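Working notes for the structure below.
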Amino acid sequence: MLPLSAYIRTQNEQTRISEIIQAAQQVAQEVIVVDSGSTDQTFELAKKAGAKVIHQTWLGNGKQKRFAEEHCQNDWVLDIDADELVSPELARQIRILLETPPPCPVYAIRMETVTPFGKIWRYAGVVYRNKLYNKSLIRQPDHPRYDQFSLPRTMRLGKLHAPLYHFGFRHLEDHVRKHNSGSSASVRHTRLKPAWILSLRIFFAFPFYLLHKLFYRRLILGGRYGIIIATSSAFARWLKDAKMLEAHLKNKYPPLSCKDFWEKLDKGRRD
């Protein structure tokens, strides 16, 4: 089998990191953990599980993956997060694939959400992410926000249909927090859309975002909790528009100091 490296970005992931590493070791010759400053037992547990652990202050989503890639000895790499569990079926599929040089340089892997209650959504919210690839042919984006590469049109993409289990959030508050943080990062590192487009979205886009999550992403198949997560995700998408519009307003109307505020208020009264 062609040698494979797996890399994982971590920060305070002691709850699952041992199991995540052991699952990756079903197929990976080496597991690289890049930790950005955990204050719990993540570092020690990862080393005990057999991973090579490297400390690196957080560089940003894509940049942190680039750093991890550079420490992988093998060309073929598996990109997994600290909340993603390689299933035995996926490990078997990868082993078979790497028995000979694969026909595609990149493979998208089926990701199935595991809810906080331990239920697997086999059909609700399923996505495919480019997770297995040859880093000598394509690299993660060197970007502080984006960590999903776009394939050139001439590059073939394969698919693996065995699941990578995604423990994406521990509870609803965690789901909201992650989306809130992500939308703020997008606004900081993305060119702002025109204010008039954002204004239209503020008024009209939320129902379409919700319908997209419910039916295109099929979260409605997740039952009551699927509807809750769809609504939370749609609001998070709408909130990104709202934050972009807020950035326009801040550029147009810079915040005033208390002194400037009183002077403006007094001037308005005199006028």
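By order of appearance in the structure tokens: chains A, B, ..., then residues from 1 within every chain, and ligands from 1 in the order shown.
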
Q) Can you tell me, as JSON, numbers by chain, what residues are no more than 8 Å from A:Leu90 when counting only C-alpha atoms, ignoring any on the same chain fewer than 2 positions away? A) {"A": [86, 87, 88, 92, 93, 94, 160, 161, 162, 163, 164]}

File dump, residues just selected, C-alpha atoms, as a PDB file, in the first residue's frame:
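Saved as result.pdb:
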ATOM      1  CA  VAL A  86     -12.396   7.425  10.301  1.00  0.00           C
ATOM      2  CA  SER A  87     -14.835   4.530  10.051  1.00  0.00           C
ATOM      3  CA  PRO A  88     -13.504   0.981   9.507  1.00  0.00           C
ATOM      4  CA  ARG A  92     -10.745  -0.353   4.180  1.00  0.00           C
ATOM      5  CA  GLN A  93     -11.719   1.675   1.114  1.00  0.00           C
ATOM      6  CA  ILE A  94      -8.614   3.846   1.387  1.00  0.00           C
ATOM      7  CA  LEU A 160     -15.162   7.636  -1.492  1.00  0.00           C
ATOM      8  CA  HIS A 161     -18.608   6.703  -0.227  1.00  0.00           C
ATOM      9  CA  ALA A 162     -17.695   5.066   3.082  1.00  0.00           C
ATOM     10  CA  PRO A 163     -18.369   7.508   5.924  1.00  0.00           C
ATOM     11  CA  LEU A 164     -16.138   9.835   7.867  1.00  0.00           C
TER      12      LEU A 164
END

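Neighbouring residues of A:Pro207 at 12 Å or closer, counting only C-alpha atoms and skipping chain neighbours under 3 positions away, are Arg201, Ile202, Phe203, Phe204, Leu210, Leu211, His212, Lys213, Leu214, Ala230, Thr231, Ser233, Ala234, Phe235, Arg237 and Trp238 of chain A.
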
Keeping only C-alpha atoms, take the residues you just selected and write them out as a PDB file, in the first residue's frame.
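Wrote again.pdb, looks like this:
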ATOM      1  CA  ARG A 201     -30.446  39.945   1.547  1.00  0.00           C
ATOM      2  CA  ILE A 202     -31.218  41.326   5.003  1.00  0.00           C
ATOM      3  CA  PHE A 203     -34.863  41.747   3.981  1.00  0.00           C
ATOM      4  CA  PHE A 204     -35.462  38.726   1.760  1.00  0.00           C
ATOM      5  CA  LEU A 210     -33.652  28.060   5.449  1.00  0.00           C
ATOM      6  CA  LEU A 211     -35.198  26.220   2.498  1.00  0.00           C
ATOM      7  CA  HIS A 212     -31.704  25.445   1.185  1.00  0.00           C
ATOM      8  CA  LYS A 213     -30.698  23.886   4.513  1.00  0.00           C
ATOM      9  CA  LEU A 214     -33.937  21.966   4.921  1.00  0.00           C
ATOM     10  CA  ALA A 230     -31.216  23.960   9.732  1.00  0.00           C
ATOM     11  CA  THR A 231     -32.694  27.095  11.303  1.00  0.00           C
ATOM     12  CA  SER A 233     -27.393  27.316  10.107  1.00  0.00           C
ATOM     13  CA  ALA A 234     -29.674  29.535   8.022  1.00  0.00           C
ATOM     14  CA  PHE A 235     -29.505  32.273  10.646  1.00  0.00           C
ATOM     15  CA  ARG A 237     -25.655  32.464   6.910  1.00  0.00           C
ATOM     16  CA  TRP A 238     -27.947  35.487   7.246  1.00  0.00           C
TER      17      TRP A 238
END

**Q.** Filtered DSSP result for stretch 51-108 of chain A, state strand (DSSP E), as a ChimeraX atom specification
**A.** /A:52-55,76-79,84-86,106-108

Could you turn the residues from that selection into a file that holds N, CA and C atoms, as a short mmCIF file (atom, residue, chain, number, x, y, z; two decimals), in the first residue's frame?
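Result went into out.cif, see below:
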data_model
loop_
_atom_site.label_atom_id
_atom_site.label_comp_id
_atom_site.auth_asym_id
_atom_site.auth_seq_id
_atom_site.Cartn_x
_atom_site.Cartn_y
_atom_site.Cartn_z
N LYS A 52 2.71 12.20 16.15
CA LYS A 52 3.78 13.19 16.25
C LYS A 52 3.10 14.53 16.49
N VAL A 53 3.41 15.16 17.62
CA VAL A 53 2.70 16.38 18.02
C VAL A 53 3.63 17.57 17.87
N ILE A 54 3.15 18.59 17.19
CA ILE A 54 3.93 19.81 16.94
C ILE A 54 3.12 21.01 17.42
N HIS A 55 3.75 21.88 18.17
CA HIS A 55 3.06 23.11 18.58
C HIS A 55 3.24 24.18 17.51
N TRP A 76 0.87 11.28 -0.18
CA TRP A 76 -0.56 11.10 0.02
C TRP A 76 -0.91 11.42 1.47
N VAL A 77 -1.87 12.34 1.63
CA VAL A 77 -2.23 12.80 2.97
C VAL A 77 -3.75 12.74 3.15
N LEU A 78 -4.15 12.54 4.40
CA LEU A 78 -5.55 12.54 4.79
C LEU A 78 -5.77 13.69 5.75
N ASP A 79 -6.64 14.60 5.38
CA ASP A 79 -6.94 15.78 6.18
C ASP A 79 -8.16 15.48 7.04
N GLU A 84 -13.46 14.39 13.71
CA GLU A 84 -13.80 13.52 12.58
C GLU A 84 -13.19 12.14 12.77
N LEU A 85 -14.02 11.12 12.75
CA LEU A 85 -13.63 9.75 13.07
C LEU A 85 -13.64 8.89 11.81
N VAL A 86 -12.50 8.31 11.47
CA VAL A 86 -12.40 7.42 10.30
C VAL A 86 -13.10 6.11 10.62
N VAL A 106 -7.11 13.62 -6.11
CA VAL A 106 -7.90 14.11 -4.97
C VAL A 106 -9.15 13.24 -4.85
N TYR A 107 -9.52 12.95 -3.62
CA TYR A 107 -10.75 12.18 -3.37
C TYR A 107 -11.61 12.89 -2.33
N ALA A 108 -12.87 13.08 -2.69
CA ALA A 108 -13.85 13.63 -1.76
C ALA A 108 -14.42 12.49 -0.92
#

Q) atom CA of A:Gly118 and atom CA of A:Tyr209, how far apart in Å? A)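 The value is 26.6 Å.
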
Q | Residues within 12 Å of stretch 145-159 of chain A, only C-alpha atoms, excluding chain neighbours under 6 positions, as a PyMOL selection string | A | chain A and resi 9+58-67+79-81+90+93-94+97+102-111+127-135+137-139+181-190

Q.
DSSP on the backbone: which residues in stretch 67-177 of chain A end up as helix (DSSP H, G or I)? Give the answer as a PyMOL selection string.
A. chain A and resi 67-70+88-97+172-177

(Q) Ranking A:Leu249, A:Ala124, A:Phe261, A:Lys48 by minimum distance to A:Arg224 and counting only C-alpha atoms, which one comes first? (A)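 Among A:Leu249, A:Ala124, A:Phe261, A:Lys48, it is A:Ala124 that comes nearest to A:Arg224.
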
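Comparing A:Ile229, A:Leu2, A:Ile21, A:Ile220 by their smallest distance to A:Pro101, the closest is A:Leu2 (using only C-alpha atoms).
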
Hey, what's within 10 Å of A:Lys178 if we count only C-alpha atoms and toss same-chain stuff fewer than 4 positions away? As a CSV table (one decimal) with N, CA and C atoms, in the first residue's frame, please?
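What follows is the written file out.csv:
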chain,number,residue,atom,x,y,z
A,168,GLY,N,-19.6,17.3,14.9
A,168,GLY,CA,-19.4,18.7,14.6
A,168,GLY,C,-19.7,19.6,15.7
A,169,PHE,N,-20.6,19.3,16.6
A,169,PHE,CA,-20.9,20.2,17.7
A,169,PHE,C,-21.4,19.4,18.9
A,172,LEU,N,-26.3,22.8,21.0
A,172,LEU,CA,-26.8,23.9,20.2
A,172,LEU,C,-25.9,25.1,20.4
A,173,GLU,N,-25.6,25.4,21.7
A,173,GLU,CA,-24.8,26.6,21.9
A,173,GLU,C,-23.4,26.5,21.2
A,174,ASP,N,-22.9,25.3,21.2
A,174,ASP,CA,-21.6,25.1,20.5
A,174,ASP,C,-21.8,25.3,19.0
A,182,GLY,N,-17.1,31.7,12.7
A,182,GLY,CA,-16.8,31.5,11.3
A,182,GLY,C,-17.2,32.7,10.4
A,183,SER,N,-18.4,33.2,10.7
A,183,SER,CA,-19.0,34.3,9.9
A,183,SER,C,-18.1,35.6,10.2
A,236,ALA,N,-27.1,31.7,10.7
A,236,ALA,CA,-25.7,32.0,10.7
A,236,ALA,C,-25.3,32.5,9.3

(Q) Show me, as a ChimeraX atom specification, the residues that have an atom within 10 Å of A:Pro3 when counting only C-alpha atoms, minus same-chain residues fewer than 6 positions from it. (A) /A:27-30,73-77,95,98-99

Can I get the selected residues back with C-alpha atoms, as a tab-separated table (two decimals), in the first residue's frame?
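See result.tsv below for the written result:
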chain	number	residue	atom	x	y	z
A	27	VAL	CA	-4.86	3.43	7.49
A	28	ALA	CA	-2.22	6.14	8.11
A	29	GLN	CA	1.46	5.30	8.45
A	30	GLU	CA	1.94	8.47	10.51
A	73	GLN	CA	6.58	12.67	5.20
A	74	ASN	CA	4.35	11.13	2.53
A	75	ASP	CA	2.84	12.64	-0.60
A	76	TRP	CA	-0.56	11.10	0.02
A	77	VAL	CA	-2.23	12.80	2.97
A	95	ARG	CA	-6.35	0.81	1.78
A	98	LEU	CA	-3.78	2.93	-2.30
A	99	GLU	CA	-2.77	-0.60	-3.24

Q. What does the distance from atom CA of A:Ser257 to atom CA of A:Leu239 come to in Å, to one decimal?
A.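 So the answer is 26.9 Å.
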
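For the residues A:Trp121, A:Phe206, A:Tyr165, A:Tyr7, ranking by smallest atom-to-atom distance to A:Cys72 using only C-alpha atoms places A:Tyr7 first.
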
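Comparing A:Ser38, A:Ser232, A:Ser199, A:Gln26 by their smallest distance to A:Leu219, the closest is A:Ser232 (using only C-alpha atoms).
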